[in-house]
Structures are given as structure tokens and as C-alpha cells.
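J.: coords.txt is reproduced in full below (compact mmCIF, C-alpha atoms).
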```
# COMPACT_ATOMS: atom_id res chain seq x y z
CA MET A 1 -9.53 17.71 10.88
CA ASN A 2 -6.09 16.15 10.73
CA ASN A 3 -7.35 13.23 8.65
CA ILE A 4 -9.30 15.55 6.34
CA SER A 5 -6.17 17.61 5.62
CA TYR A 6 -4.25 14.48 4.70
CA LEU A 7 -7.11 13.34 2.47
CA ILE A 8 -6.99 16.74 0.72
CA TYR A 9 -3.21 16.41 0.24
CA ILE A 10 -3.58 12.92 -1.23
CA LEU A 11 -6.36 14.01 -3.60
CA SER A 12 -4.26 17.02 -4.60
CA PHE A 13 -1.33 14.69 -5.37
CA VAL A 14 -3.47 12.33 -7.45
CA ILE A 15 -5.21 15.10 -9.44
CA GLY A 16 -1.87 16.88 -9.99
CA SER A 17 -0.27 13.64 -11.23
CA VAL A 18 -3.11 12.99 -13.66
CA MET A 19 -2.90 16.55 -15.01
CA GLY A 20 0.89 16.35 -15.30
CA LEU A 21 0.64 13.06 -17.18
CA VAL A 22 -2.02 14.30 -19.61
CA LEU A 23 -0.33 17.67 -20.27
CA SER A 24 3.15 16.19 -20.68
CA TYR A 25 1.89 13.67 -23.24
CA LYS A 26 0.37 16.58 -25.17
CA LYS A 27 3.53 18.67 -24.89
CA TYR A 28 6.08 15.93 -25.60
CA THR A 29 5.44 13.45 -28.37
CA ALA A 30 8.83 11.74 -28.07
CA PRO A 31 10.24 9.62 -25.22
CA PHE A 32 12.71 11.23 -22.80
CA VAL A 33 15.95 11.11 -24.79
CA THR A 34 17.32 14.67 -25.15
CA LYS A 35 17.44 15.18 -21.35
CA ASN A 36 16.73 18.92 -21.50
CA ILE A 37 15.35 20.83 -18.52
CA ASP A 38 11.83 22.18 -19.10
CA LEU A 39 11.74 25.78 -17.78
CA VAL A 40 8.00 25.76 -17.02
CA ALA A 41 8.25 22.46 -15.17
CA LEU A 42 11.31 23.76 -13.28
CA ILE A 43 9.41 26.86 -12.09
CA LEU A 44 6.39 24.72 -11.09
CA ALA A 45 8.66 22.31 -9.19
CA ILE A 46 10.51 25.07 -7.33
CA VAL A 47 7.30 26.91 -6.40
CA GLY A 48 5.60 23.63 -5.45
CA TRP A 49 8.38 22.36 -3.20
CA ILE A 50 8.79 25.77 -1.54
CA LEU A 51 5.05 25.98 -0.82
CA ALA A 52 4.90 22.40 0.48
CA ILE A 53 7.99 22.41 2.68
CA ASN A 54 8.24 26.09 3.64
CA SER A 55 4.56 26.82 4.25
CA GLN A 56 5.53 28.32 7.64
CA LEU A 57 7.05 31.34 5.81
CA ILE A 58 3.62 32.61 4.74
CA SER A 59 1.44 30.97 7.40
CA ALA A 60 0.55 34.45 8.74
CA PHE A 61 -1.22 35.26 5.45
CA VAL A 62 -2.42 31.91 4.12
CA SER A 63 -3.44 28.74 5.97
CA PRO A 64 -0.75 26.00 5.75
CA VAL A 65 -3.40 23.53 4.53
CA ILE A 66 -3.94 25.68 1.42
CA THR A 67 -0.25 26.29 0.72
CA ILE A 68 0.67 22.62 1.22
CA THR A 69 -2.26 21.51 -0.97
CA VAL A 70 -1.22 23.85 -3.79
CA GLY A 71 2.43 22.88 -3.30
CA ILE A 72 1.69 19.15 -3.49
CA PHE A 73 -0.46 19.74 -6.58
CA LEU A 74 2.43 21.49 -8.37
CA ILE A 75 4.97 18.89 -7.21
CA ALA A 76 2.70 16.11 -8.48
CA MET A 77 2.26 17.86 -11.84
CA VAL A 78 6.01 17.75 -12.44
CA LEU A 79 6.63 14.38 -10.80
CA GLY A 80 3.73 12.81 -12.68
CA MET A 81 4.97 13.74 -16.15
CA ARG A 82 5.55 10.96 -18.67
CA PRO A 83 8.52 8.67 -17.84
CA GLY A 84 11.83 10.53 -17.62
CA TYR A 85 10.40 14.05 -17.90
CA GLY A 86 10.28 16.13 -14.72
CA ARG A 87 12.99 14.14 -12.97
CA TYR A 88 15.72 16.80 -12.95
CA GLU A 89 13.20 19.57 -12.27
CA THR A 90 11.92 17.71 -9.19
CA VAL A 91 15.42 17.20 -7.79
CA ILE A 92 16.35 20.88 -8.36
CA GLY A 93 13.05 22.09 -6.85
CA PHE A 94 13.49 19.86 -3.79
CA ALA A 95 17.12 20.92 -3.33
CA ILE A 96 16.30 24.65 -3.45
CA SER A 97 13.35 24.21 -1.11
CA ALA A 98 15.40 22.12 1.32
CA LEU A 99 18.11 24.80 1.37
CA ILE A 100 15.50 27.46 2.18
CA TRP A 101 14.05 25.21 4.92
CA VAL A 102 17.48 24.64 6.46
CA GLY A 103 18.25 28.37 6.22
CA THR A 104 15.00 29.52 7.84
CA VAL A 105 14.16 26.75 10.31
CA LEU A 106 17.44 25.19 11.42
CA ILE A 107 19.82 28.18 11.26
CA MET B 1 -15.94 13.79 14.29
CA ASN B 2 -19.00 11.81 13.24
CA LEU B 3 -18.20 8.05 13.17
CA MET B 4 -19.50 7.52 9.62
CA THR B 5 -17.49 10.50 8.33
CA ASN B 6 -14.42 9.16 10.09
CA ILE B 7 -14.89 5.72 8.52
CA LEU B 8 -15.45 7.21 5.06
CA ILE B 9 -12.36 9.44 5.25
CA ASN B 10 -10.17 6.58 6.50
CA VAL B 11 -11.40 4.20 3.80
CA ILE B 12 -10.73 6.75 1.04
CA ILE B 13 -7.27 7.49 2.48
CA ALA B 14 -6.57 3.73 2.69
CA PHE B 15 -7.60 3.21 -0.94
CA PHE B 16 -5.55 6.10 -2.34
CA ILE B 17 -2.43 5.43 -0.26
CA GLY B 18 -2.60 1.68 -0.93
CA SER B 19 -2.95 2.32 -4.66
CA LEU B 20 -0.13 4.88 -4.73
CA LEU B 21 2.12 2.45 -2.84
CA PHE B 22 1.35 -0.28 -5.38
CA GLY B 23 2.20 2.22 -8.14
CA LEU B 24 5.43 3.18 -6.38
CA GLN B 25 6.30 -0.48 -6.00
CA ARG B 26 5.90 -1.09 -9.74
CA LYS B 27 7.94 2.04 -10.52
CA ILE B 28 10.81 0.97 -8.27
CA MET B 29 10.76 -2.57 -9.64
CA ALA B 30 10.87 -1.19 -13.19
CA ARG B 31 13.81 1.12 -12.43
CA ILE B 32 15.74 -1.77 -10.84
CA GLN B 33 15.07 -3.86 -13.94
CA GLY B 34 16.19 -1.00 -16.24
CA ARG B 35 12.73 -0.08 -17.56
CA PRO B 36 11.09 3.37 -17.37
CA GLY B 37 8.04 1.83 -15.65
CA PRO B 38 4.47 3.12 -15.38
CA PRO B 39 3.57 6.36 -13.58
CA ILE B 40 3.00 6.09 -9.82
CA ILE B 41 -0.72 6.73 -10.28
CA GLN B 42 -1.02 3.80 -12.72
CA HIS B 43 -2.73 1.53 -10.20
CA ILE B 44 -5.36 4.17 -9.41
CA LEU B 45 -6.00 4.83 -13.11
CA HIS B 46 -6.18 1.09 -13.70
CA THR B 47 -8.73 0.66 -10.89
CA PHE B 48 -10.92 3.53 -12.09
CA LYS B 49 -10.68 2.25 -15.66
CA PHE B 50 -12.40 -0.99 -14.64
CA PHE B 51 -15.36 0.94 -13.22
CA ILE B 52 -16.18 2.33 -16.67
CA LYS B 53 -15.52 -0.91 -18.55
CA GLU B 54 -18.27 -3.32 -19.50
CA SER B 55 -18.88 -6.04 -16.90
CA ALA B 56 -19.01 -9.43 -18.59
CA PHE B 57 -19.95 -12.64 -16.76
CA PRO B 58 -18.52 -16.01 -17.84
CA TYR B 59 -21.01 -18.81 -18.61
CA THR B 60 -19.11 -21.03 -16.20
CA ALA B 61 -19.47 -18.59 -13.27
CA ALA B 62 -21.29 -19.83 -10.15
CA MET B 63 -23.90 -17.12 -9.64
CA PRO B 64 -24.58 -15.27 -7.36
CA PHE B 65 -21.45 -16.36 -5.53
CA TYR B 66 -19.24 -15.01 -8.28
CA ILE B 67 -20.56 -11.48 -7.64
CA ALA B 68 -21.02 -11.76 -3.87
CA ILE B 69 -17.38 -12.69 -3.34
CA THR B 70 -16.17 -9.29 -4.61
CA ALA B 71 -18.60 -7.52 -2.28
CA MET B 72 -17.31 -9.69 0.55
CA LEU B 73 -13.67 -8.77 -0.16
CA SER B 74 -14.59 -5.08 -0.12
CA MET B 75 -16.56 -5.45 3.11
CA ILE B 76 -13.89 -7.28 5.06
CA TRP B 77 -11.20 -4.72 4.30
CA VAL B 78 -13.51 -1.80 5.05
CA ALA B 79 -14.19 -3.65 8.32
CA ALA B 80 -10.41 -3.82 8.86
CA VAL B 81 -10.17 -0.04 8.49
CA ILE B 82 -12.95 0.33 11.07
CA VAL B 83 -11.23 -2.07 13.48
CA GLY B 84 -7.80 -0.49 12.93
CA PRO B 85 -7.37 3.25 12.34
CA VAL B 86 -10.94 4.24 13.24
CA THR B 87 -11.59 2.43 16.53
CA GLY B 88 -8.23 0.89 17.50
CA GLY B 89 -9.97 -2.42 18.20
CA SER B 90 -8.73 -5.98 18.60
CA LEU B 91 -5.90 -7.56 16.63
CA LEU B 92 -7.86 -10.82 16.72
CA LEU B 93 -10.43 -9.23 14.42
CA ILE B 94 -7.65 -8.32 11.97
CA PHE B 95 -6.56 -11.95 12.11
CA GLY B 96 -10.16 -13.02 11.40
CA ILE B 97 -10.34 -10.62 8.47
CA TYR B 98 -7.10 -11.99 7.05
CA ALA B 99 -8.41 -15.54 7.39
CA VAL B 100 -11.60 -14.53 5.54
CA HIS B 101 -9.38 -12.91 2.88
CA LYS B 102 -7.83 -16.32 2.23
CA ILE B 103 -11.32 -17.83 1.93
CA VAL B 104 -12.30 -15.06 -0.50
CA GLU B 105 -9.19 -15.74 -2.62
CA HIS B 106 -10.17 -19.41 -2.66
CA ASN B 107 -13.80 -18.80 -3.55
CA ALA B 108 -13.18 -16.03 -6.08
CA GLY B 109 -10.99 -18.47 -7.95
CA SER B 110 -13.40 -21.40 -7.80
CA SER B 111 -16.58 -19.38 -8.50
CA SER B 112 -15.37 -18.13 -11.89
CA GLY B 113 -14.99 -21.62 -13.39
CA SER B 114 -11.73 -20.60 -15.05
CA PRO B 115 -8.87 -23.13 -14.89
CA TYR B 116 -6.52 -20.31 -13.85
CA GLY B 117 -8.94 -19.29 -11.10
CA LYS B 118 -9.20 -22.89 -9.95
CA LEU B 119 -5.41 -23.24 -9.74
CA SER B 120 -5.31 -20.00 -7.77
CA CYS B 121 -8.09 -21.36 -5.55
CA VAL B 122 -6.06 -24.46 -4.74
CA ARG B 123 -2.97 -22.34 -4.11
CA ALA B 124 -4.96 -20.07 -1.77
CA VAL B 125 -5.72 -23.04 0.49
CA TYR B 126 -2.16 -24.27 0.14
CA SER B 127 -0.67 -20.86 1.01
CA ALA B 128 -3.07 -20.41 3.94
CA ALA B 129 -1.29 -23.35 5.54
CA ALA B 130 1.86 -21.23 5.59
CA GLU B 131 0.49 -17.69 5.98
CA ILE B 132 -1.85 -18.34 8.88
CA PRO B 133 0.98 -19.70 11.10
CA LEU B 134 2.77 -16.41 10.47
CA PHE B 135 -0.07 -14.84 12.41
CA ALA B 136 1.30 -16.65 15.47
CA VAL B 137 2.85 -13.23 15.86
CA LEU B 138 -0.34 -12.32 17.74
CA VAL B 139 0.29 -14.94 20.42
CA ILE B 140 3.85 -13.69 20.85
CA ILE B 141 2.59 -10.11 21.11
CA TYR B 142 0.02 -11.22 23.71
CA PHE B 143 2.64 -13.01 25.81
CA LYS B 144 4.86 -9.94 25.67
CA THR B 145 2.28 -7.21 26.29
CA GLY B 146 -0.72 -8.95 27.86
CA THR B 147 -3.14 -7.32 25.41
CA MET B 148 -4.54 -7.86 21.92
CA ASN B 149 -6.09 -4.44 21.72
CA ILE B 150 -4.48 -2.02 19.26
CA THR B 151 -5.01 0.98 21.53
CA GLY B 152 -3.59 -1.07 24.41
CA LEU B 153 -0.54 -1.97 22.31
CA ILE B 154 0.06 1.68 21.46
CA ASN B 155 -0.14 2.57 25.18
CA TYR B 156 2.22 -0.31 26.03
CA GLN B 157 4.79 0.94 23.53
CA THR B 158 4.47 4.52 24.79
CA VAL B 159 5.78 3.24 28.14
CA HIS B 160 8.12 0.38 27.11
CA GLY B 161 9.34 1.48 23.66
CA PRO B 162 8.69 -0.10 20.23
CA LEU B 163 7.99 -3.84 20.12
CA LEU B 164 10.25 -4.04 17.06
CA TYR B 165 13.25 -4.14 19.40
CA ALA B 166 11.63 -6.43 21.96
CA ILE B 167 10.31 -9.12 19.56
CA PRO B 168 12.22 -8.65 16.26
CA LEU B 169 11.55 -12.18 15.02
CA ALA B 170 7.80 -11.63 15.34
CA ALA B 171 8.23 -8.46 13.25
CA LEU B 172 10.14 -10.48 10.66
CA MET B 173 7.31 -13.04 10.52
CA PHE B 174 4.74 -10.32 10.01
CA PHE B 175 6.92 -8.75 7.32
CA VAL B 176 7.00 -12.09 5.45
CA LEU B 177 3.20 -12.24 5.77
CA ILE B 178 2.91 -8.75 4.26
CA MET B 179 5.30 -9.70 1.50
CA SER B 180 3.14 -12.67 0.55
CA LYS B 181 0.38 -10.18 -0.30
CA ALA B 182 2.58 -7.97 -2.52
CA PRO B 183 2.11 -8.34 -6.28
CA TYR B 184 5.09 -10.00 -8.01
CA SER B 185 6.49 -11.17 -4.68
CA PRO B 186 8.25 -14.53 -4.47
CA PHE B 187 5.43 -15.73 -2.20
CA ALA B 188 2.49 -14.37 -4.25
CA ILE B 189 1.57 -17.79 -5.62
CA THR B 190 -2.19 -17.10 -5.78
CA LYS B 191 -1.61 -14.31 -8.31
CA GLY B 192 1.53 -15.64 -9.98
CA LYS B 193 1.89 -14.68 -13.62
CA ASP B 194 2.11 -18.39 -14.51
CA ILE B 195 -1.65 -18.48 -13.87
CA VAL B 196 -2.37 -15.10 -15.58
CA SER B 197 -3.97 -13.06 -12.75
CA GLY B 198 -4.94 -15.98 -10.52
CA TYR B 199 -8.34 -15.70 -8.88
CA GLU B 200 -8.95 -12.35 -10.59
CA THR B 201 -8.47 -13.66 -14.12
CA GLU B 202 -12.17 -14.06 -14.90
CA HIS B 203 -13.45 -11.03 -13.00
CA PHE B 204 -14.07 -8.17 -15.42
CA GLY B 205 -15.27 -4.57 -15.33
CA LEU B 206 -16.92 -3.37 -12.15
CA LEU B 207 -16.14 -6.57 -10.22
CA ARG B 208 -12.44 -6.31 -11.03
CA GLY B 209 -12.54 -2.66 -9.98
CA TYR B 210 -13.88 -3.66 -6.57
CA LEU B 211 -11.27 -6.42 -6.22
CA MET B 212 -8.45 -3.98 -7.01
CA MET B 213 -9.87 -1.36 -4.68
CA SER B 214 -10.08 -3.91 -1.84
CA GLU B 215 -6.52 -5.07 -2.47
CA SER B 216 -5.25 -1.50 -2.18
CA ILE B 217 -7.06 -1.08 1.13
CA ALA B 218 -5.68 -4.47 2.24
CA TRP B 219 -2.11 -3.38 1.44
CA TYR B 220 -2.54 -0.14 3.38
CA MET B 221 -4.05 -2.01 6.33
CA LEU B 222 -1.31 -4.64 6.53
CA LEU B 223 1.36 -1.94 6.55
CA TRP B 224 -0.66 0.10 9.05
CA VAL B 225 -0.97 -2.87 11.41
CA PHE B 226 2.77 -3.59 11.14
CA LEU B 227 3.76 0.01 11.89
CA THR B 228 1.23 0.37 14.72
CA VAL B 229 2.00 -2.93 16.38
CA PHE B 230 5.78 -2.74 16.11
CA LEU B 231 6.54 1.00 16.23
CA GLY B 232 3.75 2.22 18.50
CA PRO B 233 2.54 5.80 18.74
CA ILE B 234 3.63 7.48 15.49
CA SER B 235 2.26 10.51 13.64
CA ILE B 236 0.62 10.41 10.18
CA PRO B 237 3.76 11.63 8.32
CA VAL B 238 5.79 8.88 10.01
CA TYR B 239 3.14 6.34 8.96
CA LEU B 240 3.50 7.60 5.38
CA ILE B 241 7.30 7.44 5.47
CA GLY B 242 7.17 3.97 7.06
CA MET B 243 4.77 2.70 4.41
CA ILE B 244 6.91 4.13 1.59
CA VAL B 245 10.07 2.59 3.08
CA MET B 246 8.44 -0.83 3.55
CA SER B 247 6.92 -0.79 0.06
CA SER B 248 10.31 0.18 -1.39
CA ILE B 249 12.09 -2.66 0.44
CA ILE B 250 9.46 -5.12 -0.78
CA ALA B 251 9.72 -3.71 -4.32
CA PHE B 252 13.47 -4.30 -4.21
CA ILE B 253 12.98 -7.89 -3.03
CA ASN B 254 10.29 -8.50 -5.69
CA ALA B 255 12.41 -7.04 -8.48
CA THR B 256 15.40 -9.22 -7.69
CA THR B 257 13.68 -12.46 -6.70
CA PRO B 258 11.83 -14.86 -8.99
CA LEU B 259 8.36 -16.14 -8.12
CA LEU B 260 8.89 -19.33 -6.14
CA ASN B 261 6.95 -22.40 -7.09
CA PRO B 262 4.13 -23.21 -4.61
CA ASN B 263 6.08 -25.95 -2.78
CA HIS B 264 9.15 -23.78 -2.26
CA SER B 265 7.05 -20.76 -1.32
CA ILE B 266 5.16 -22.68 1.36
CA MET B 267 8.26 -24.35 2.76
CA MET B 268 10.11 -21.06 2.95
CA GLN B 269 7.22 -19.37 4.76
CA VAL B 270 6.84 -22.32 7.13
CA THR B 271 10.58 -22.07 7.84
CA PHE B 272 10.19 -18.36 8.66
CA ALA B 273 7.21 -19.20 10.88
CA PHE B 274 9.17 -21.95 12.69
CA ILE B 275 12.23 -19.77 13.28
CA GLY B 276 10.03 -16.84 14.29
CA ILE B 277 7.85 -18.76 16.75
CA VAL B 278 10.62 -20.80 18.39
CA GLY B 279 13.07 -17.88 18.40
CA SER B 280 10.53 -15.42 19.80
CA PHE B 281 9.52 -17.73 22.64
CA ALA B 282 13.19 -18.37 23.38
CA LEU B 283 13.79 -14.60 23.52
CA LEU B 284 10.74 -14.15 25.77
CA MET B 285 12.03 -16.76 28.22
CA ILE B 286 15.54 -15.30 28.45
```
Rewrite the structure from the file as C-alpha cells, please.

T.:
Amino acid sequence: MNNISYLIYILSFVIGSVMGLVLSYKKYTAPFVTKNIDLVALILAIVGWILAINSQLISAFVSPVITITVGIFLIAMVLGMRPGYGRYETVIGFAISALIWVGTVLI
Amino acid sequence: MNLMTNILINVIIAFFIGSLLFGLQRKIMARIQGRPGPPIIQHILHTFKFFIKESAFPYTAAMPFYIAITAMLSMIWVAAVIVGPVTGGSLLLIFGIYAVHKIVEHNAGSSSGSPYGKLSCVRAVYSAAAEIPLFAVLVIIYFKTGTMNITGLINYQTVHGPLLYAIPLAALMFFVLIMSKAPYSPFAITKGKDIVSGYETEHFGLLRGYLMMSESIAWYMLLWVFLTVFLGPISIPVYLIGMIVMSSIIAFINATTPLLNPNHSIMMQVTFAFIGIVGSFALLMI
């Protein structure tokens, strides 16, 4: 079962990356020069990182395998965007999620 | 779990992780060199692309050897997954598989009839002279632990701690061996860009797809063996972190080091092997 969950996570990451790449090329026709933060990508990154790292918060309602799979899919969508795009969003999403993890697990 | 299911899952995991690590490696190298670089999934996309491309066969190819060699490369690395993560078998078998890998590199190059493939074929034999001695690591491990069995090694390290601290020079030798299999590495003379893609140059379409898939599994397996043999009982997330760290270190080395010419590459690897073997035995005797 353990191996199957990791296989699901990996597939989720790969499919998410492919989708992120395809959608970002449709959305952005220019290379990453303006360095703006994409609001949709930011929301996806925050939700994704929270689901992946803080799955224990809702483990009573949803199985961690499902939350982590969805989380990794969303993370990969942002991380897999065309070069440059999604970088800031990923860092912000990870930072917020890490703060929540520290606040709920460590403190 | 059913054995066949277990094998299938482990092989798919090995392929995807190996490919993602290759992608990560290219990304890191690109960032170090000031380029945006391809997406991390580029290697996977590249591999799948070859499966839907037309398979062309050169007139100079030695049939059916030219086709059989790709099947052989796939089989040996699937066998490595069975020996390693699935059954925790003998390290000697991994050594045998690596030796066959060198033979496959040699024969894939010669069977295509391409001059680039032939140069790669010669270099494969040449590099085997330096890479195989690096596998002397197994003898050192045997003298230290008294076993060649992967499960036995994990049990040994559970009691005595990671072998990385006990035989660091052996770990260094194995690391150099792994590095020789990394694309763009200073020791990757069989696939150096001076000979286009080396033994793969004249393999197109489906055959190239199988070669790339096998190489991804090979990369995963080499890192898996390193982490298992030198760090002992570790969980799957630690394996992942370890593989990412090792791939990143190798990417950094590859990005900042030029491809050595075959003579220098071999001599440097032989030097590592000499220092590693003599040093490790000296440490064992102290």
C-alpha cells in the first residue's frame, strides 16, 4: 500500500506538471520578463502546499492519500509552468504552508 | 502484495523518479549556467515522445542484434529493480547487471554501424577498465560486514550505524561510479557530446524510447543502491530526499566541469579507485 501511495503521488506530480506547462503556454505568450505574481497560480500554490504538508488537519474527514495527491497535483501545476512563471507563487505557498505546519505541529 | 504487482509498481516508480531526477539535473545545470532550462518533466516528455515517433532502421545496422540490445538493456535494469527494492537480494547481482550494462553500451554502439556509435563502443570498453574497479567497493563492504546481501546490509547498519561513516572512501568510489553514468558528467565519455549521443545516436523512435526508459531506471537504481548500502534502513521520503540531494550535487559538478577526454577520464577514475581501495583497506586494518 505504501508503494502504491507513492506511485499515485508521483503520477499526480507528473500529470500536474504537464497540465501546468500546457495551460501556462496558452495563458502566457511571452517569456517571464514582467515578474508579476499570478493570482490564480498563487491561490493554487497556497492550497496545494497546505493540502500536501498539512493533510493531518483534515485527516478526520478525508484520507491523507487523497489530500496529499490533490496537493501535489496543484503544487506541480504551479511549479511546472513555463520557465520563470510560478516561481514566486511556489515560494509564497510553501512559506505559508510551512508556517501553518510549524504552528499546528511543532507549537 | 502479489510479487508481479510489486515488481510492476517498483519499475514504474523507478522510471518516473529516475526521469524526474534527470530533469531536475538539467534544470539545476541550466540555472547554474544562467539559462532558464527545460521543465523538470522534460526527460519524461522526451521519452514518451520517442514512443510515438517513427522507428527507422539504418542500412548499416546489424540485425537482429541492433533491436535485441535495447530489449536487453531494459531487461537488465528491470532485473536490478527485482534484485534491489523488491527482493533485497545480492549486491553481486547488481554488479553483474552493471557489467552487462557496459557490454550493452559497447554492443549498442557497434550494432548500429554509425561511426559515432563505434567510437562510443570503444569508449565503453575503455571506461569499463576504470568503472569496474570502482565496484571493488563490494569487496570492501564484504570485509566490513561479512555479507553481500542487501537485506543483510540493512540489518547490519540497523545495529552498527551507517556504513558511510565506517567506510567513507568506499562511498566516495561508488559516488564516482554513479557520476560516470550521469549525462553531461566529466566521466560520461560514452555519451559525450563530441560523439553526438554516443551509442544511442543511431537508435530512433521506439528503440530510443526503451533506451531512455532503461537509463532512467538505471539512474534510480544506482542511487537506490548507494543510499541503501551506505545509509541503511531509511524510509521512502528519506530515499527521495537523498536522491534529490545526490542528483543536485552531481548536477552542480556537471555544470561546472568540462567533459574530460577519455584518457583523463579513465586515469582520474583509476586514481579514485586506487585511493579508495588502498585507503579503505588501510582503514579496515586500523

J.: Which value, in Å to one decimal, gives the distance between atom CA of Ile275 of chain B and atom CA of Met221 of chain B?

T.: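 Taking atom CA of Ile275 of chain B and atom CA of Met221 of chain B, their separation equals 25.1 Å.
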
J.: Atom CA of Leu169 of chain B and atom CA of Leu24 of chain B, how far apart in Å?

T.: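 Distance reported for this atom pair: 27.0 Å.
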
J.: Which chain A residues are at most 12 Å from chain B (counting only C-alpha atoms), as a PyMOL selection string?

T.: chain A and resi 1-22+31-33+76-87

J.: Excluding same-chain residues fewer than 6 positions from segment 178-193 of chain B, what lies within 7 Å of it counting only C-alpha atoms, as a PDB file with C-alpha atoms, in the frame of the given file?

T.:
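Ended up saving to part-v9.pdb:
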```
ATOM      1  CA  SER B 120      -5.310 -20.000  -7.770  1.00  0.00           C
ATOM      2  CA  ARG B 123      -2.970 -22.340  -4.110  1.00  0.00           C
ATOM      3  CA  ALA B 124      -4.960 -20.070  -1.770  1.00  0.00           C
ATOM      4  CA  TYR B 199      -8.340 -15.700  -8.880  1.00  0.00           C
ATOM      5  CA  LEU B 222      -1.310  -4.640   6.530  1.00  0.00           C
ATOM      6  CA  ILE B 250       9.460  -5.120  -0.780  1.00  0.00           C
ATOM      7  CA  ASN B 254      10.290  -8.500  -5.690  1.00  0.00           C
ATOM      8  CA  THR B 257      13.680 -12.460  -6.700  1.00  0.00           C
ATOM      9  CA  PRO B 258      11.830 -14.860  -8.990  1.00  0.00           C
ATOM     10  CA  LEU B 259       8.360 -16.140  -8.120  1.00  0.00           C
ATOM     11  CA  LEU B 260       8.890 -19.330  -6.140  1.00  0.00           C
ATOM     12  CA  PRO B 262       4.130 -23.210  -4.610  1.00  0.00           C
ATOM     13  CA  SER B 265       7.050 -20.760  -1.320  1.00  0.00           C
TER      14      SER B 265
END
```

J.: Within 6 Å of (-9.3, -18.7, -6.1), in the coordinates the file gives, what residues turn up when you count only C-alpha atoms, written out as number ranges by chain?

T.: B: 105-110, 117-118, 120-121, 199

J.: The selected residues should be written to file as a tab-separated table (two decimals), in the coordinates of the input (atoms: C-alpha atoms).

T.:
```tsv
chain	number	residue	atom	x	y	z
B	105	GLU	CA	-9.19	-15.74	-2.62
B	106	HIS	CA	-10.17	-19.41	-2.66
B	107	ASN	CA	-13.80	-18.80	-3.55
B	108	ALA	CA	-13.18	-16.03	-6.08
B	109	GLY	CA	-10.99	-18.47	-7.95
B	110	SER	CA	-13.40	-21.40	-7.80
B	117	GLY	CA	-8.94	-19.29	-11.10
B	118	LYS	CA	-9.20	-22.89	-9.95
B	120	SER	CA	-5.31	-20.00	-7.77
B	121	CYS	CA	-8.09	-21.36	-5.55
B	199	TYR	CA	-8.34	-15.70	-8.88
```
